[in-house]
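Visitor: Next up, work.cif (mmCIF, C-alpha atoms and all ligand atoms).
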data_run
loop_
_atom_site.label_atom_id
_atom_site.label_comp_id
_atom_site.auth_asym_id
_atom_site.auth_seq_id
_atom_site.Cartn_x
_atom_site.Cartn_y
_atom_site.Cartn_z
CA MET A 1085 11.59 -156.00 85.29
CA SER A 1086 12.48 -153.45 82.68
CA GLY A 1087 13.46 -150.07 84.02
CA PHE A 1088 14.54 -146.64 82.96
CA TYR A 1089 17.76 -146.59 80.97
CA ARG A 1090 19.82 -143.83 79.46
CA LEU A 1091 22.31 -145.14 76.91
CA SER A 1092 24.71 -142.29 76.74
CA GLY A 1093 27.19 -141.03 74.20
CA GLY A 1094 26.82 -143.78 71.63
CA ARG A 1095 26.61 -143.56 67.83
CA ILE A 1096 22.87 -143.96 67.41
CA LEU A 1097 22.08 -145.69 64.12
CA ASP A 1098 18.52 -146.05 62.94
CA PRO A 1099 18.41 -147.02 59.28
CA SER A 1100 14.59 -146.84 59.29
CA CYS A 1101 14.82 -143.03 59.28
CA GLY A 1102 18.44 -142.42 58.28
CA ARG A 1103 19.45 -141.38 61.83
CA ASP A 1104 23.21 -141.44 62.47
CA GLU A 1105 24.34 -139.21 65.33
CA VAL A 1106 26.20 -139.32 68.61
CA GLY A 1107 23.80 -138.83 71.51
CA ASP A 1108 21.71 -140.43 74.23
CA LEU A 1109 18.91 -142.92 73.78
CA PHE A 1110 16.24 -143.37 76.44
CA VAL A 1111 14.24 -146.44 77.39
CA ALA A 1112 11.36 -146.45 79.83
CA ASP A 1113 8.94 -149.24 80.71
CA GLY A 1114 10.13 -151.40 77.85
CA ARG A 1115 9.90 -148.76 75.10
CA PHE A 1116 12.06 -146.13 73.47
CA VAL A 1117 10.99 -142.74 74.78
CA ASP A 1118 11.51 -139.06 74.27
CA PRO A 1119 12.72 -137.96 77.74
CA ALA A 1120 10.83 -134.67 77.34
CA SER A 1121 7.63 -136.67 77.67
CA LEU A 1122 8.58 -137.83 81.20
CA PRO A 1123 8.85 -135.90 84.48
CA ALA A 1124 12.18 -134.08 84.92
CA GLU A 1125 12.88 -135.99 88.16
CA THR A 1126 12.83 -139.39 86.39
CA SER A 1127 15.90 -141.25 87.53
CA TRP A 1128 17.75 -143.13 84.82
CA GLU A 1129 20.14 -146.02 85.02
CA TRP A 1130 23.09 -144.87 82.91
CA ILE A 1131 24.69 -147.21 80.40
CA ASP A 1132 27.89 -145.81 78.92
CA ALA A 1133 27.75 -146.34 75.16
CA SER A 1134 30.59 -144.04 74.17
CA GLY A 1135 32.69 -145.38 71.32
CA ARG A 1136 29.91 -147.87 70.59
CA ILE A 1137 27.09 -148.21 68.14
CA VAL A 1138 23.53 -148.26 69.44
CA ALA A 1139 21.44 -150.07 66.84
CA PRO A 1140 17.97 -151.56 66.58
CA GLY A 1141 18.07 -155.21 67.71
CA LEU A 1142 19.29 -157.53 64.97
CA ILE A 1143 16.76 -159.85 63.36
CA ASP A 1144 17.78 -163.25 62.01
CA ALA A 1145 15.29 -164.54 59.47
CA HIS A 1146 16.81 -168.03 59.26
CA VAL A 1147 17.47 -170.04 62.42
CA HIS A 1148 17.13 -173.71 63.31
CA LEU A 1149 16.17 -173.90 66.99
CA ARG A 1150 15.73 -177.70 66.78
CA GLU A 1151 12.71 -177.82 69.05
CA PRO A 1152 10.58 -179.85 69.07
CA GLY A 1153 12.58 -183.01 68.69
CA GLU A 1154 16.36 -182.48 68.76
CA PRO A 1155 17.23 -180.79 72.06
CA GLN A 1156 20.68 -182.43 72.01
CA LYS A 1157 21.57 -179.99 69.17
CA GLU A 1158 19.76 -176.88 70.40
CA THR A 1159 16.74 -175.82 72.39
CA ILE A 1160 14.63 -172.70 72.31
CA ALA A 1161 16.40 -171.69 75.54
CA SER A 1162 19.97 -172.28 74.31
CA GLY A 1163 19.28 -170.96 70.81
CA THR A 1164 17.76 -167.72 72.06
CA HIS A 1165 20.67 -167.24 74.50
CA ALA A 1166 23.07 -167.66 71.56
CA ALA A 1167 20.93 -165.17 69.61
CA ALA A 1168 21.06 -162.60 72.42
CA ALA A 1169 24.85 -162.95 72.60
CA GLY A 1170 24.95 -162.22 68.87
CA GLY A 1171 22.88 -159.03 69.20
CA PHE A 1172 19.65 -160.59 67.94
CA THR A 1173 16.38 -159.57 69.53
CA ALA A 1174 14.26 -161.72 67.22
CA VAL A 1175 14.74 -164.93 65.28
CA VAL A 1176 12.61 -166.70 62.71
CA ALA A 1177 12.48 -170.42 63.51
CA MET A 1178 12.62 -172.95 60.66
CA PRO A 1179 10.06 -175.77 60.61
CA ASN A 1180 12.34 -178.77 59.90
CA THR A 1181 11.87 -179.98 63.46
CA ARG A 1182 10.69 -183.38 64.70
CA PRO A 1183 7.80 -183.42 64.14
CA PRO A 1184 7.93 -180.83 61.34
CA ALA A 1185 5.99 -177.64 62.10
CA ASP A 1186 3.20 -178.45 59.66
CA GLN A 1187 0.24 -178.39 62.07
CA PRO A 1188 -1.24 -175.55 64.13
CA ASN A 1189 -0.75 -177.46 67.41
CA THR A 1190 3.00 -177.69 66.79
CA ILE A 1191 3.11 -173.94 66.15
CA GLY A 1192 1.17 -173.42 69.37
CA TRP A 1193 3.67 -175.60 71.24
CA ILE A 1194 6.63 -173.64 69.85
CA ARG A 1195 5.06 -170.30 70.75
CA GLU A 1196 4.25 -171.46 74.25
CA ARG A 1197 7.76 -172.83 74.74
CA ALA A 1198 9.27 -169.61 73.39
CA ARG A 1199 7.18 -167.58 75.86
CA GLU A 1200 8.44 -169.75 78.73
CA HIS A 1201 12.07 -170.34 77.78
CA GLY A 1202 12.98 -167.85 75.04
CA ILE A 1203 14.89 -164.69 75.91
CA VAL A 1204 14.49 -163.08 72.48
CA ARG A 1205 11.41 -162.97 70.27
CA VAL A 1206 10.77 -166.19 68.34
CA TYR A 1207 8.70 -166.07 65.17
CA PRO A 1208 7.69 -169.54 63.97
CA THR A 1209 7.30 -170.54 60.35
CA GLY A 1210 5.06 -173.30 59.04
CA CYS A 1211 5.70 -175.92 56.38
CA LEU A 1212 4.51 -175.52 52.81
CA SER A 1213 3.85 -179.22 52.40
CA GLU A 1214 2.78 -181.93 54.84
CA GLY A 1215 5.83 -183.37 56.55
CA ARG A 1216 8.01 -181.29 54.20
CA LYS A 1217 7.58 -184.14 51.74
CA GLY A 1218 6.64 -181.96 48.79
CA GLU A 1219 3.57 -184.05 47.99
CA LYS A 1220 0.55 -182.45 49.59
CA LEU A 1221 -0.25 -178.92 50.81
CA ALA A 1222 0.11 -178.28 54.53
CA PRO A 1223 -2.95 -176.59 56.15
CA LEU A 1224 -1.65 -173.14 55.24
CA ALA A 1225 -4.59 -171.05 56.45
CA SER A 1226 -4.64 -172.83 59.83
CA LEU A 1227 -0.89 -172.32 60.16
CA ARG A 1228 -1.41 -168.63 59.56
CA ALA A 1229 -4.17 -168.54 62.14
CA ALA A 1230 -1.77 -170.26 64.58
CA GLY A 1231 0.66 -167.36 64.14
CA VAL A 1232 3.34 -168.24 61.60
CA VAL A 1233 5.11 -165.28 59.96
CA ALA A 1234 6.08 -167.16 56.80
CA LEU A 1235 5.83 -170.50 55.02
CA THR A 1236 8.81 -172.68 54.10
CA ASP A 1237 9.92 -176.29 53.64
CA ASP A 1238 13.49 -175.21 54.45
CA GLY A 1239 15.94 -178.07 54.31
CA SER A 1240 14.02 -179.30 51.30
CA CYS A 1241 12.23 -177.85 48.32
CA ILE A 1242 8.96 -178.75 46.60
CA GLN A 1243 10.06 -180.32 43.33
CA ASP A 1244 6.63 -180.49 41.70
CA ALA A 1245 6.08 -177.18 39.86
CA GLY A 1246 2.31 -177.69 39.78
CA LEU A 1247 2.12 -178.07 43.55
CA MET A 1248 4.43 -175.08 43.97
CA ARG A 1249 2.06 -173.01 41.86
CA ARG A 1250 -0.84 -173.92 44.19
CA VAL A 1251 1.27 -173.15 47.24
CA MET A 1252 2.07 -169.72 45.84
CA GLU A 1253 -1.58 -169.02 45.06
CA TYR A 1254 -2.54 -169.77 48.66
CA ALA A 1255 0.42 -167.87 50.10
CA ALA A 1256 -0.55 -164.83 48.00
CA MET A 1257 -4.12 -165.05 49.27
CA LEU A 1258 -2.91 -165.38 52.87
CA ASP A 1259 -0.34 -162.62 52.32
CA LEU A 1260 2.47 -164.70 53.80
CA PRO A 1261 5.98 -164.71 52.34
CA ILE A 1262 7.40 -168.00 51.06
CA LEU A 1263 10.97 -168.62 52.24
CA GLU A 1264 12.30 -170.91 49.56
CA HIS A 1265 15.18 -173.37 49.96
CA CYS A 1266 16.12 -173.42 46.28
CA GLU A 1267 17.36 -176.89 45.38
CA ALA A 1268 16.39 -179.08 42.45
CA SER A 1269 17.15 -182.44 44.04
CA SER A 1270 17.55 -184.28 40.74
CA VAL A 1271 20.43 -181.91 40.00
CA SER A 1272 22.09 -181.75 43.45
CA ALA A 1273 21.62 -185.55 43.48
CA GLY A 1274 23.74 -186.61 46.42
CA GLY A 1275 26.35 -183.87 45.93
CA VAL A 1276 28.29 -182.70 48.98
CA ALA A 1277 30.52 -179.94 47.56
CA HIS A 1278 30.14 -177.24 44.91
CA GLU A 1279 30.73 -178.85 41.50
CA GLY A 1280 33.99 -177.34 40.27
CA TYR A 1281 37.75 -177.46 40.64
CA TRP A 1282 37.81 -178.40 44.33
CA SER A 1283 35.16 -181.12 44.20
CA THR A 1284 37.18 -182.70 41.38
CA VAL A 1285 40.54 -182.39 43.13
CA LEU A 1286 39.16 -183.68 46.43
CA GLY A 1287 37.08 -186.44 44.89
CA LEU A 1288 33.88 -185.17 46.47
CA ARG A 1289 30.58 -185.61 44.67
CA GLY A 1290 29.74 -182.32 42.93
CA TRP A 1291 26.65 -180.20 43.53
CA PRO A 1292 26.15 -177.93 40.53
CA SER A 1293 25.03 -174.30 41.00
CA LEU A 1294 22.36 -175.20 38.50
CA ALA A 1295 20.48 -177.01 41.30
CA GLU A 1296 19.81 -173.64 42.93
CA GLU A 1297 19.40 -171.61 39.74
CA ILE A 1298 16.71 -173.87 38.24
CA ILE A 1299 14.48 -173.36 41.28
CA VAL A 1300 15.24 -169.63 41.55
CA SER A 1301 14.15 -169.19 37.93
CA ARG A 1302 11.11 -171.49 38.24
CA ASP A 1303 9.93 -169.68 41.37
CA ILE A 1304 10.45 -166.24 39.86
CA LEU A 1305 8.11 -167.27 37.03
CA LEU A 1306 5.57 -168.65 39.50
CA ALA A 1307 5.76 -165.56 41.72
CA GLU A 1308 5.21 -163.40 38.64
CA LEU A 1309 2.15 -165.46 37.74
CA THR A 1310 0.61 -165.68 41.21
CA GLY A 1311 1.71 -162.43 42.88
CA ALA A 1312 3.17 -164.40 45.79
CA ARG A 1313 5.95 -162.87 47.92
CA LEU A 1314 8.91 -165.06 47.09
CA HIS A 1315 12.01 -164.91 49.29
CA CYS A 1316 15.00 -166.98 48.17
CA GLN A 1317 17.01 -168.29 51.12
CA HIS A 1318 20.78 -168.59 51.39
CA LEU A 1319 21.75 -167.69 47.80
CA SER A 1320 25.09 -169.21 46.89
CA SER A 1321 25.70 -168.74 43.20
CA ALA A 1322 26.50 -165.88 40.83
CA GLY A 1323 23.81 -167.16 38.45
CA SER A 1324 21.14 -166.87 41.16
CA VAL A 1325 22.17 -163.28 41.90
CA ARG A 1326 21.79 -162.44 38.22
CA LEU A 1327 18.34 -164.07 38.06
CA VAL A 1328 17.07 -162.18 41.12
CA ARG A 1329 18.54 -158.90 39.82
CA GLU A 1330 16.75 -159.29 36.47
CA ALA A 1331 13.47 -160.28 38.15
CA LYS A 1332 13.56 -157.27 40.48
CA ARG A 1333 14.13 -155.03 37.47
CA ARG A 1334 10.99 -156.48 35.90
CA GLY A 1335 9.05 -155.73 39.09
CA VAL A 1336 8.59 -159.29 40.36
CA ARG A 1337 8.00 -159.49 44.14
CA VAL A 1338 11.17 -161.38 44.95
CA THR A 1339 13.64 -160.87 47.78
CA ALA A 1340 16.73 -162.80 48.84
CA GLU A 1341 19.19 -163.44 51.64
CA VAL A 1342 22.82 -164.50 51.90
CA THR A 1343 24.67 -166.10 54.82
CA PRO A 1344 27.89 -164.80 56.38
CA HIS A 1345 29.67 -168.05 55.42
CA HIS A 1346 28.83 -167.69 51.74
CA LEU A 1347 30.08 -164.08 51.87
CA ALA A 1348 33.28 -165.02 53.69
CA LEU A 1349 34.38 -168.42 52.35
CA THR A 1350 34.80 -170.44 49.17
CA ASP A 1351 34.96 -174.15 48.39
CA GLU A 1352 38.74 -173.98 48.72
CA ALA A 1353 38.07 -174.27 52.48
CA LEU A 1354 37.15 -177.94 51.92
CA ALA A 1355 40.78 -178.87 51.22
CA ASP A 1356 41.15 -180.60 54.62
CA TYR A 1357 37.79 -182.38 54.39
CA ASP A 1358 36.74 -180.52 57.54
CA THR A 1359 33.00 -181.09 58.00
CA SER A 1360 32.65 -177.68 59.72
CA PHE A 1361 32.62 -176.36 56.15
CA LYS A 1362 29.85 -178.66 54.96
CA MET A 1363 26.54 -176.90 54.57
CA ASN A 1364 23.54 -176.60 52.30
CA PRO A 1365 23.94 -174.99 49.82
CA PRO A 1366 27.66 -175.73 49.56
CA LEU A 1367 30.30 -172.99 49.54
CA GLY A 1368 30.80 -171.72 46.00
CA SER A 1369 33.71 -170.48 43.90
CA GLU A 1370 35.55 -167.17 44.19
CA ALA A 1371 33.34 -165.79 41.38
CA ASP A 1372 30.24 -166.78 43.35
CA ARG A 1373 31.52 -165.08 46.49
CA GLU A 1374 32.28 -161.91 44.50
CA ALA A 1375 28.79 -161.89 43.00
CA LEU A 1376 27.16 -162.42 46.41
CA ARG A 1377 29.11 -159.49 47.85
CA GLU A 1378 28.10 -157.35 44.88
CA GLY A 1379 24.50 -158.47 45.32
CA ILE A 1380 24.30 -157.59 49.02
CA VAL A 1381 25.88 -154.20 48.34
CA ASP A 1382 23.63 -153.19 45.42
CA GLY A 1383 20.44 -154.44 47.11
CA THR A 1384 19.78 -157.40 44.81
CA ILE A 1385 20.19 -159.48 47.93
CA ASP A 1386 18.13 -157.78 50.60
CA PHE A 1387 19.60 -159.00 53.87
CA ILE A 1388 21.96 -161.33 55.71
CA ALA A 1389 20.67 -164.36 57.65
CA SER A 1390 22.72 -166.90 59.58
CA ASP A 1391 21.08 -170.22 58.64
CA HIS A 1392 22.19 -171.22 62.17
CA ALA A 1393 22.10 -175.03 61.82
CA PRO A 1394 23.40 -176.72 64.97
CA HIS A 1395 24.59 -180.33 64.87
CA CYS A 1396 26.26 -182.46 67.56
CA SER A 1397 30.01 -183.04 67.30
CA PHE A 1398 29.55 -186.82 67.13
CA GLU A 1399 27.43 -186.32 64.01
CA LYS A 1400 29.97 -184.02 62.37
CA GLU A 1401 33.06 -186.06 63.30
CA VAL A 1402 32.60 -188.58 60.50
CA GLU A 1403 33.67 -188.88 56.86
CA PHE A 1404 32.77 -185.79 54.80
CA ASP A 1405 30.13 -187.64 52.80
CA ARG A 1406 28.30 -188.83 55.88
CA ALA A 1407 28.25 -185.63 57.95
CA PRO A 1408 25.03 -183.60 58.10
CA PHE A 1409 24.86 -180.26 56.28
CA GLY A 1410 24.89 -177.13 58.43
CA VAL A 1411 26.91 -174.67 60.52
CA VAL A 1412 26.06 -172.49 63.51
CA GLY A 1413 26.10 -168.75 63.01
CA LEU A 1414 24.24 -166.70 65.61
CA GLU A 1415 27.27 -165.82 67.70
CA THR A 1416 29.61 -164.98 64.82
CA MET A 1417 27.30 -163.39 62.27
CA LEU A 1418 27.82 -159.74 63.13
CA ALA A 1419 31.61 -159.98 63.35
CA VAL A 1420 31.97 -162.06 60.17
CA ALA A 1421 29.64 -159.73 58.28
CA ALA A 1422 31.63 -156.73 59.54
CA GLU A 1423 34.92 -158.39 58.52
CA THR A 1424 33.71 -159.18 55.01
CA LEU A 1425 31.66 -156.07 54.28
CA VAL A 1426 32.67 -153.16 56.53
CA LYS A 1427 36.41 -153.76 56.87
CA THR A 1428 36.58 -154.16 53.10
CA LYS A 1429 34.66 -150.84 52.76
CA LEU A 1430 31.91 -152.46 50.71
CA LEU A 1431 29.34 -151.21 53.25
CA ASP A 1432 29.37 -148.73 56.11
CA TRP A 1433 27.87 -149.50 59.54
CA PRO A 1434 24.44 -147.99 58.76
CA GLY A 1435 24.36 -150.13 55.61
CA LEU A 1436 25.23 -153.26 57.56
CA VAL A 1437 22.74 -152.58 60.37
CA ALA A 1438 19.99 -152.05 57.77
CA ARG A 1439 20.75 -155.49 56.30
CA LEU A 1440 20.77 -157.16 59.73
CA SER A 1441 17.72 -155.48 61.20
CA THR A 1442 15.60 -152.91 59.40
CA ILE A 1443 15.30 -154.72 56.06
CA PRO A 1444 14.54 -158.23 57.41
CA ALA A 1445 11.89 -156.68 59.73
CA ARG A 1446 10.22 -155.01 56.77
CA ILE A 1447 10.32 -158.04 54.48
CA LEU A 1448 8.99 -160.41 57.13
CA GLY A 1449 6.44 -157.90 58.37
CA VAL A 1450 7.58 -158.24 61.99
CA PRO A 1451 8.12 -155.42 64.49
CA GLY A 1452 11.58 -153.96 65.07
CA GLY A 1453 14.34 -152.52 62.93
CA SER A 1454 13.84 -149.02 64.35
CA LEU A 1455 14.63 -146.92 67.43
CA ALA A 1456 11.52 -144.75 67.11
CA ALA A 1457 9.97 -143.43 70.33
CA GLY A 1458 7.05 -145.64 71.34
CA ALA A 1459 8.45 -148.82 69.77
CA PRO A 1460 9.43 -151.76 72.02
CA ALA A 1461 13.02 -151.22 73.17
CA ASP A 1462 14.79 -153.95 71.19
CA LEU A 1463 18.39 -152.89 70.69
CA ALA A 1464 22.01 -153.96 70.42
CA VAL A 1465 25.06 -152.06 71.64
CA ILE A 1466 28.00 -152.92 69.41
CA ASP A 1467 31.68 -152.20 69.93
CA PRO A 1468 32.89 -151.88 66.33
CA ASN A 1469 36.56 -151.95 67.37
CA LEU A 1470 36.71 -154.79 69.84
CA GLN A 1471 38.98 -157.55 68.56
CA TRP A 1472 38.31 -161.09 69.66
CA THR A 1473 39.02 -164.66 68.69
CA VAL A 1474 36.17 -167.03 67.85
CA ASN A 1475 36.21 -169.80 70.44
CA PRO A 1476 33.47 -172.39 69.88
CA GLU A 1477 33.89 -173.68 73.44
CA ALA A 1478 32.56 -170.34 74.68
CA PHE A 1479 29.37 -170.47 72.58
CA LEU A 1480 26.03 -170.34 74.36
CA SER A 1481 24.62 -172.50 71.59
CA ARG A 1482 24.58 -176.21 72.41
CA SER A 1483 26.54 -176.90 69.23
CA ARG A 1484 30.05 -175.98 68.11
CA ASN A 1485 29.95 -176.63 64.35
CA THR A 1486 31.38 -173.34 63.15
CA PRO A 1487 33.66 -172.77 60.15
CA PHE A 1488 35.12 -169.72 61.92
CA ALA A 1489 36.91 -171.35 64.89
CA GLY A 1490 40.10 -169.43 65.67
CA TRP A 1491 39.22 -166.47 63.44
CA GLU A 1492 40.51 -163.12 64.67
CA VAL A 1493 37.58 -160.77 64.17
CA GLN A 1494 36.63 -157.21 64.98
CA GLY A 1495 33.20 -156.03 66.20
CA ARG A 1496 31.29 -157.44 69.15
CA VAL A 1497 27.91 -157.11 70.77
CA MET A 1498 28.30 -155.70 74.28
CA LEU A 1499 24.66 -155.56 75.31
CA THR A 1500 21.32 -156.76 73.97
CA MET A 1501 17.96 -155.52 75.18
CA VAL A 1502 14.56 -157.01 74.35
CA GLY A 1503 11.47 -154.99 75.27
CA GLY A 1504 13.58 -152.90 77.64
CA LYS A 1505 15.04 -155.91 79.42
CA ILE A 1506 18.79 -156.58 79.29
CA VAL A 1507 19.19 -160.15 78.01
CA TRP A 1508 22.91 -160.11 77.27
CA ARG A 1509 25.87 -158.16 78.57
CA LEU A 1510 29.53 -158.92 77.86
N1 LIG B 1 21.48 -175.37 55.89
C1 LIG B 1 21.97 -176.51 56.30
O1 LIG B 1 23.10 -176.84 55.94
N2 LIG B 1 21.29 -177.34 57.12
C2 LIG B 1 19.93 -177.18 57.54
C3 LIG B 1 18.94 -177.72 56.60
C4 LIG B 1 19.28 -177.59 55.16
O2 LIG B 1 19.03 -176.49 54.62
O3 LIG B 1 19.76 -178.55 54.59
C5 LIG B 1 19.72 -177.91 58.84
O4 LIG B 1 18.58 -177.88 59.34
O5 LIG B 1 20.66 -178.50 59.37
#
Would it be possible to restate this file's structure as structure tokens?

Guide:
Amino acid sequence: MSGFYRLSGGRILDPSCGRDEVGDLFVADGRFVDPASLPAETSWEWIDASGRIVAPGLIDAHVHLREPGEPQKETIASGTHAAAAGGFTAVVAMPNTRPPADQPNTIGWIRERAREHGIVRVYPTGCLSEGRKGEKLAPLASLRAAGVVALTDDGSCIQDAGLMRRVMEYAAMLDLPILEHCEASSVSAGGVAHEGYWSTVLGLRGWPSLAEEIIVSRDILLAELTGARLHCQHLSSAGSVRLVREAKRRGVRVTAEVTPHHLALTDEALADYDTSFKMNPPLGSEADREALREGIVDGTIDFIASDHAPHCSFEKEVEFDRAPFGVVGLETMLAVAAETLVKTKLLDWPGLVARLSTIPARILGVPGGSLAAGAPADLAVIDPNLQWTVNPEAFLSRSRNTPFAGWEVQGRVMLTMVGGKIVWRL
């Protein structure tokens, strides 16, 4: 049951209207309210938020919940608990499940399961192509009718430019964004590490930035032609940032995201062949990291998304070449983003909250990202000063594959509320 809460004395940040003030925020019957609209004798449960930030619930546009099909890595229950602990009140679920989410009945199953076992909002996505094989269109209109918020083959990328053009035409007609995993597979061709100094020194097969940039540029041209809403996932290269910046200047409908690990790390981290640093796309060079930080600050890159990709330890504890790509991120995203962007003074807290909540909500067309009276009470209370050490053993996620184990970080979510219900409290 959601009750009547008074979050008192916090720094209330609402980037949707530029609000930044110390005060009290009221929640009644699952929604933000103006207390003047309620009887004076209303009794509130007080939550002390002094010294803390009260923000709209964070929204992660890129999460692998692994259901259906791989509950040993994550489930909708465990993944949404991890999300709540990270301050997220909504996650967008990727369709590279088993089976892939390319049919309306699978979307129905995910939504049903999320209603029963999810503790934050789960927005499913549907595949662009049948089985994510890049050969034949998935039933896009039926997927939309089944309730997907976006279309994506994440984990792979349609290589055939003609098919991609058709996909974009349909997506434009259906007014659904395309979340593109930008990878020309003939160029990445079995690579496991960014092609550069470190891949050479370590003897790892190189993955050139060009693999991403070719698809970013192809899709910008196709989006320009078709009017589709193109969103480039997990950008990793300086060249991609430049391409998106130029396209936005020309007025193309393109948006982009970056992950905390690409903002925080470089390929130098591979020196010990630790598979916790193996992900798709691979970590780039120092120049790439600089460009990504510049891009998220100047708005070329619109928001931050975790690309939470859980894998079992037995799968990761193998030779670098054989390990699966992917790292978890839900429980470390806020702190790592604060370390790399706020501590370095590249962004302030309102700027960071906008990129973790308000902007992804707007781009995906989902509710949230605001504290406006009347809206469902989805919020996160953040202690910006709390220092803690990342301990994968304490994760609520079923998986532990983080590149940030042992990191000393600052900034932690103390409480998460979804629709007026407390779903996480430290
Ligand atoms: N991002 C990743 O490194 N992994 C993703 C899929 C993918 O994008 O390869 C996963 O589902 O594990």

Visitor: Excluding A:Glu1423 and residues on its chain fewer than 4 positions from it, collect all residues at most 7 Å away from it, counting all atoms listed in the file, and give them as a ChimeraX atom specification.

Guide: /A:1419,1427,1493-1494

Visitor: To check your reading of the model: which residues sit at most 9 Å from ligand LIG 1 (chain B) when counting all atoms listed in the file? Write the answer as a list in words.

Guide: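 Residues lying within 9 Å of ligand LIG 1 (chain B): Val1147, His1148, Leu1149, Arg1150, Met1178, Pro1179, Asn1180, Thr1181, Asp1238, Gly1239, Ser1240, His1265, His1318, Lys1362, Met1363, Asn1364, Pro1365, Pro1366, Asp1391, His1392, Ala1393, Pro1394, His1395, Pro1408, Phe1409, Gly1410 and Val1411 of chain A.
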
Visitor: Using only C-alpha atoms, which of A:Thr1350, A:Ser1121, A:Thr1173, A:Ser1390 sits nearest A:Ile1203?

Guide: A:Thr1173

Visitor: I'd like the contact shell of stretch 1216-1221 of chain A - 9 Å cut-off, only C-alpha atoms, skipping same-chain residues fewer than 2 positions apart - returned as number ranges by chain.

Guide: A: 1179-1180, 1184-1186, 1211-1214, 1223-1224, 1236-1244, 1247-1248, 1250-1251

Visitor: Which residue, A:Asp1462, A:Glu1341, A:Asp1351, A:Asp1358, has the smallest gap to A:Asp1372 when you use all atoms listed in the file?

Guide: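 Among A:Asp1462, A:Glu1341, A:Asp1351, A:Asp1358, it is A:Asp1351 that comes nearest to A:Asp1372.
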
Visitor: Between A:Glu1279, A:Thr1284, A:Gly1435, A:Ser1324, which residue has the minimum interatomic distance to A:Ser1369, considering all atoms listed in the file?

Guide: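 Looking at the shortest contact to A:Ser1369, the residue is A:Glu1279.
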
Visitor: From the list A:Val1138, A:Leu1122, A:Val1502, A:Ala1355, which residue is nearest A:Val1206 when using all atoms listed in the file?

Guide: A:Val1502

Visitor: To one decimal place in Å, what is the distance between atom CA of A:Ser1397 and atom CA of A:Asn1485?

Guide: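 We find that atom CA of A:Ser1397 and atom CA of A:Asn1485 lie 7.1 Å from each other.
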
Visitor: Measuring between only C-alpha atoms, which one of A:Thr1500, A:Ser1454, A:Ser1269, A:Ser1481 shows the shortest distance to A:Ser1162?

Guide: A:Ser1481

Visitor: Would you mind reading off the distance between atom CA of A:Val1507 and atom CA of A:Leu1480, one decimal, in Å?

Guide: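 Separation of atom CA of A:Val1507 and atom CA of A:Leu1480: 12.8 Å.
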
Visitor: Nearest to A:Val1111: which of A:Cys1266, A:Glu1330, A:Ile1443, A:Leu1463 is it, counting all atoms listed in the file?

Guide: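 Among the listed residues, the smallest separation from A:Val1111 belongs to A:Leu1463.
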
Visitor: Extract, using only C-alpha atoms, all DNA, RNA and protein residues at most 7 Å from A:Glu1253, discarding same-chain residues fewer than 3 positions from it, and format them as a ChimeraX atom specification.

Guide: /A:1249-1250,1256-1257,1310,1312

Visitor: What's the 10 Å shell around A:Val1176, counting only C-alpha atoms, without same-chain residues fewer than 3 positions away, as a ChimeraX atom specification?

Guide: /A:1143-1149,1179,1205-1209,1232-1234,1389,1448,1450

Visitor: Could you name the residues that touch stretch 1128-1132 of chain A at 8 Å or less, counting only C-alpha atoms, but leaving out those on the same chain fewer than 5 positions away, as a PyMOL selection string?

Guide: chain A and resi 1087-1094

Visitor: Taking (11.1, -151.4, 75.9) in the file's coordinates, which residues come within 8 Å, counting all atoms listed in the file, written as a ChimeraX atom specification?

Guide: /A:1086,1111-1116,1459-1462,1502-1505
